[in-house]
Amino acid sequence: MPPYLPSQAIDSEHATAAPARPAARMAWRPWRGRALVLLGVVLAAFTLRLAVTSFTPLIADIGTDIGFGSVMAGVFGMSAPAMFAIAGITAPRIMGRIELERVALLSVVLTTAGLALRPFMGSSTTMLAATVLALYGMGIGNIVLPPLVKRYFSDRLALISTLYITFVQLGTVVPAVVAIPVADQHGWRASLAIWAFVAAAAVLPWIGLRNAFKSNAYKSNAFTSHASTTAAPALPGDPATTARTMMVAPSTGRPWRSPVGWGLAVMFGMTSLITYSFLTWLPTMLTDAGIDRVDAGAYLGVFIFSGLFAIMLVPAITTRMTNPFPLALASMTSLAIGMAGLAIAPAAYPLAWAILLGLGPSTFPMALTLINLRTRSAHAAGSLSGFTQGLGYLLACGGPLLVGLLHDATGGWNLALGLLAVAMVTLITGAHHACKPRVIEDTWH
């Protein structure tokens with residue numbers, strides 16, 4: 001680790017002494033509370049893509065059954081980044097009114113409700129409504145997890161960022177791999193239903209943490225606008241970790257006034273546009289090239305899973321580099337080769353193309369890690385997370401729909417891949433500004 005990281009800066013002037021622990025709660029141990037937070041973070045992270053990749057491999061079967069075509073399939077594809085964008089706009093306001101832990105609980109409850117409703121829907125309209133509900137919950141989770149990691153694990157940013165982003169990726173790849181086999185055996189409704197039980201398990205740690213804070217009469221809202229300072233214990237009743245996890249008071253700056261904010265938003269947005277376009281259409285691209293649909297679903301799993309290895313390395317490497325822009329260039333080089341292969345000879349080496357395409361969105365864990373590295377306080381991290389993901393997903397939401405429309409207009413995929421190449425160049429421009437070694441508090445005035 002370098003001797004200094006911007007995300008680890010602590011303004012000791014704002015630290016305040018934690019209140020004494022109530023005697024009745026002396027049995028609470030710091031490691032237990034931190035472990036509960038960690039469990040909640042990783043389980044919530046696992047749910048953040050369930051509504052997307054459990055659905056897209058089955059989109060043709062579902063469309064045939066309840067009646068929708070390629071345009072509506074594009075609408076389903078764009079609904080994920082669209083709802084994530086709405087969550088990016090609204091979640092910081094929610095975090096300004098209730099504690100981060102309660103926001104996380106709200107996220108997994110909404111996700112569970114949407115996933116539980118989807119298997120019972122009989123029309124494209126009701127299916128879209130249930131999907132939107134689940135996606136909005138996931139979008140809130142996207143925003144709240146980075147400041148939660150900064151609050152509780154500021155001394156282990158690289159490790160915990162790697163862990164929770166790995167679980168995001170696992171929650172992306174596992175549904176994609178098992179969706180078609182389960183649907184072939186039990187139908188697509190059963191294939192969708194199983195993920196509601198997984199999301200329900202993610203609710204439990206946050207209920208436990210909420211009860212612990214309630215019992216200790218601790219409030220952990222890091223975004224209170226009317227307080228000059230906010231000291232937030234990392235764990236209920238644990239003053240030993242107060243200095244490490246205290247929350248610096250909100251600043252008058254805004255992320256949209258900073259080149260760091262815009263660079264991260266563009267970087268994140270173009271990464272998401274490319275990723276969700278392939279999540280929606282890669283199986284169809286491969287089946288159009290003559291590949292069996294079961295194999296095409298498996299290659300979608302390879303596309304997602306290949307990024308898992310990068311995710312295990314990218315956050316740690318990013319924290320150790322003064323300027324991680326070369327990592328972004330390497331990711332885009334891999335993506336460019338994969339898209340060229342998909343355009344020229346899609347059926348020749350589909351495994352290689354899927355792996356190279358999957359390594360391209362390594363800029364996703366980079367961007368999430370940079371949210372914490374380019375801020376000094378959890379308040380700034382929350383603000384930057386909301387702006388980055390709100391604007392980023394807004395930029396991305398048209399990707400799957402445009403790719404589908406270009407395919408329908410041309411009968412092929414080359415023009416659509418050209419659109420994604422433009423997004424790749426735009427991503428590099430944003431990454432150039434996001435990766436410079438500076439913190440947003442110094443640039444947003």
# chains A, B, ... in the order shown; residues from 1 in each chain; ligands from 1
>>> residues_around(residues="region 57-65 of chain A", least_positions_apart="5", cutoff="10 Å", atoms="only C-alpha atoms", output="ChimeraX atom specification")
/A:52,70,72-73,76-77,122-124,127,175-180,183,187-189,191-192,279-284,293-294,296-298,300-301
>>> closest_atom_pairs(of="region 257-351 of chain A", to="region 365-370 of chain A", cutoff="10 Å", atoms="only C-alpha atoms", output="tab-separated table")
residue	atom	partner	partner_atom	distance
A:Val260	CA	A:Leu370	CA	9.7
A:Gly263	CA	A:Ala367	CA	9.8
A:Leu264	CA	A:Ala367	CA	6.4
A:Ala265	CA	A:Ala367	CA	8.7
A:Met267	CA	A:Ala367	CA	7.2
A:Phe268	CA	A:Ala367	CA	6.1
A:Gly269	CA	A:Ala367	CA	9.9
A:Thr271	CA	A:Ala367	CA	9.3
A:Gly307	CA	A:Pro365	CA	9.7
A:Leu308	CA	A:Pro365	CA	10.0
A:Ala310	CA	A:Pro365	CA	8.6
A:Ile311	CA	A:Pro365	CA	6.2
A:Met312	CA	A:Pro365	CA	9.2
A:Leu313	CA	A:Pro365	CA	9.5
A:Val314	CA	A:Met366	CA	6.4
A:Pro315	CA	A:Thr369	CA	5.9
A:Ala316	CA	A:Thr369	CA	8.9
A:Ile317	CA	A:Met366	CA	9.2
A:Thr318	CA	A:Met366	CA	6.6
A:Thr319	CA	A:Thr369	CA	7.7
A:Pro324	CA	A:Met366	CA	8.5
A:Phe325	CA	A:Met366	CA	9.7
A:Leu327	CA	A:Met366	CA	8.5
A:Ala328	CA	A:Met366	CA	8.1
>>> write_last_selection(atoms="C-alpha atoms", output="CSV table (one decimal), in the first residue's frame")
chain,number,residue,atom,x,y,z
A,260,VAL,CA,-13.5,14.3,-11.5
A,263,GLY,CA,-15.0,12.0,-15.8
A,264,LEU,CA,-16.2,9.2,-13.5
A,265,ALA,CA,-19.8,9.6,-14.7
A,267,MET,CA,-16.4,6.4,-17.6
A,268,PHE,CA,-19.1,4.6,-15.6
A,269,GLY,CA,-21.9,5.4,-18.1
A,271,THR,CA,-19.0,1.0,-19.3
A,307,GLY,CA,-14.6,-10.3,-15.7
A,308,LEU,CA,-14.5,-11.9,-12.3
A,310,ALA,CA,-10.1,-8.8,-13.3
A,311,ILE,CA,-12.4,-7.8,-10.5
A,312,MET,CA,-10.2,-9.7,-8.0
A,313,LEU,CA,-7.2,-7.7,-9.1
A,314,VAL,CA,-8.4,-4.3,-10.3
A,315,PRO,CA,-9.4,-2.6,-7.0
A,316,ALA,CA,-6.2,-3.6,-5.4
A,317,ILE,CA,-4.1,-2.4,-8.4
A,318,THR,CA,-6.1,0.8,-8.7
A,319,THR,CA,-5.4,1.7,-5.0
A,324,PRO,CA,-4.6,4.0,-13.0
A,325,PHE,CA,-5.4,5.3,-16.6
A,327,LEU,CA,-5.6,-0.1,-16.7
A,328,ALA,CA,-8.5,1.6,-18.5
>>> closest_residue(among="A:Arg34, A:Arg49, A:Lys436, A:His407", to="Ile165 (chain A)", atoms="only C-alpha atoms")
A:Arg49
>>> closest_residue(among="A:Asn323, A:Thr375, A:Thr275, A:Thr47", to="Phe303 (chain A)", atoms="only C-alpha atoms")
A:Thr275
>>> residues_around(residues="region 107-117 of chain A", least_positions_apart="3", cutoff="8 Å", atoms="only C-alpha atoms", output="JSON, numbers by chain")
{"A": [44, 47, 51, 103, 104, 120, 121, 130, 131, 132, 133, 134, 135, 136, 137, 138, 139, 140, 141, 192, 193, 195, 196, 197, 199, 200, 202, 203]}
>>> closest_residue(among="A:Trp444, A:Trp256, A:Trp353, A:Phe305", to="Leu286 (chain A)", atoms="only C-alpha atoms")
A:Trp353
>>> closest_residue(among="A:Thr426, A:Thr166, A:Gln389, A:Asn414", to="Val42 (chain A)", atoms="only C-alpha atoms")
A:Thr166
>>> closest_residue(among="A:Gly412, A:Leu50, A:Met321, A:Ile304", to="Phe278 (chain A)", atoms="only C-alpha atoms")
A:Ile304
>>> residues_around(residues="Val168 (chain A)", least_positions_apart="2", cutoff="7 Å", atoms="only C-alpha atoms", output="ChimeraX atom specification")
/A:45-46,48-49,164-166,170-172
>>> write_last_selection(atoms="C-alpha atoms", output="compact mmCIF listing (two decimals), in the first residue's frame")
# COMPACT_ATOMS: atom_id res chain seq x y z
CA ALA A 45 -23.97 -6.98 -3.56
CA PHE A 46 -24.98 -10.45 -4.78
CA LEU A 48 -27.54 -6.12 -7.51
CA ARG A 49 -27.86 -7.79 -10.95
CA TYR A 164 -18.19 -6.84 -2.63
CA ILE A 165 -17.56 -6.20 -6.34
CA THR A 166 -16.73 -9.90 -6.69
CA LEU A 170 -21.08 -13.59 -8.99
CA GLY A 171 -24.66 -12.36 -8.76
CA THR A 172 -24.37 -11.46 -12.42
>>> closest_residue(among="A:Arg374, A:Met83, A:Ala35, A:Tyr299", to="Pro259 (chain A)", atoms="only C-alpha atoms")
A:Arg374
>>> atom_distance(atom1="CA of Leu36 (chain A)", atom2="CA of Leu204 (chain A)")
9.8 Å
>>> atom_distance(atom1="CA of Ala85 (chain A)", atom2="CA of Ile143 (chain A)")
10.1 Å
>>> atom_distance(atom1="CA of Leu402 (chain A)", atom2="CA of Ala80 (chain A)")
14.4 Å
>>> decode(residues="region 264-295 of chain A", atoms="C-alpha atoms", output="PDB file, in the first residue's frame")
ATOM      1  CA  LEU A 264     -16.202   9.243 -13.476  1.00  0.00           C
ATOM      2  CA  ALA A 265     -19.799   9.629 -14.692  1.00  0.00           C
ATOM      3  CA  VAL A 266     -18.765   9.298 -18.350  1.00  0.00           C
ATOM      4  CA  MET A 267     -16.430   6.407 -17.580  1.00  0.00           C
ATOM      5  CA  PHE A 268     -19.114   4.599 -15.585  1.00  0.00           C
ATOM      6  CA  GLY A 269     -21.869   5.421 -18.068  1.00  0.00           C
ATOM      7  CA  MET A 270     -20.067   4.134 -21.140  1.00  0.00           C
ATOM      8  CA  THR A 271     -18.993   1.016 -19.258  1.00  0.00           C
ATOM      9  CA  SER A 272     -22.619   0.388 -18.353  1.00  0.00           C
ATOM     10  CA  LEU A 273     -23.886   1.110 -21.872  1.00  0.00           C
ATOM     11  CA  ILE A 274     -21.473  -1.444 -23.329  1.00  0.00           C
ATOM     12  CA  THR A 275     -22.099  -4.006 -20.584  1.00  0.00           C
ATOM     13  CA  TYR A 276     -25.893  -3.894 -20.689  1.00  0.00           C
ATOM     14  CA  SER A 277     -25.925  -3.954 -24.486  1.00  0.00           C
ATOM     15  CA  PHE A 278     -23.973  -7.213 -24.458  1.00  0.00           C
ATOM     16  CA  LEU A 279     -25.968  -8.608 -21.542  1.00  0.00           C
ATOM     17  CA  THR A 280     -29.130  -8.046 -23.585  1.00  0.00           C
ATOM     18  CA  TRP A 281     -27.962  -8.982 -27.073  1.00  0.00           C
ATOM     19  CA  LEU A 282     -24.852 -11.198 -26.948  1.00  0.00           C
ATOM     20  CA  PRO A 283     -26.862 -14.458 -26.899  1.00  0.00           C
ATOM     21  CA  THR A 284     -28.888 -13.250 -29.900  1.00  0.00           C
ATOM     22  CA  MET A 285     -25.724 -12.178 -31.741  1.00  0.00           C
ATOM     23  CA  LEU A 286     -24.300 -15.655 -31.270  1.00  0.00           C
ATOM     24  CA  THR A 287     -27.479 -17.523 -32.208  1.00  0.00           C
ATOM     25  CA  ASP A 288     -27.737 -15.399 -35.359  1.00  0.00           C
ATOM     26  CA  ALA A 289     -24.236 -16.650 -36.185  1.00  0.00           C
ATOM     27  CA  GLY A 290     -25.470 -20.253 -35.985  1.00  0.00           C
ATOM     28  CA  ILE A 291     -24.568 -21.125 -32.387  1.00  0.00           C
ATOM     29  CA  ASP A 292     -26.981 -23.263 -30.363  1.00  0.00           C
ATOM     30  CA  ARG A 293     -29.059 -21.230 -27.907  1.00  0.00           C
ATOM     31  CA  VAL A 294     -27.904 -23.252 -24.881  1.00  0.00           C
ATOM     32  CA  ASP A 295     -24.291 -22.658 -25.890  1.00  0.00           C
TER      33      ASP A 295
END
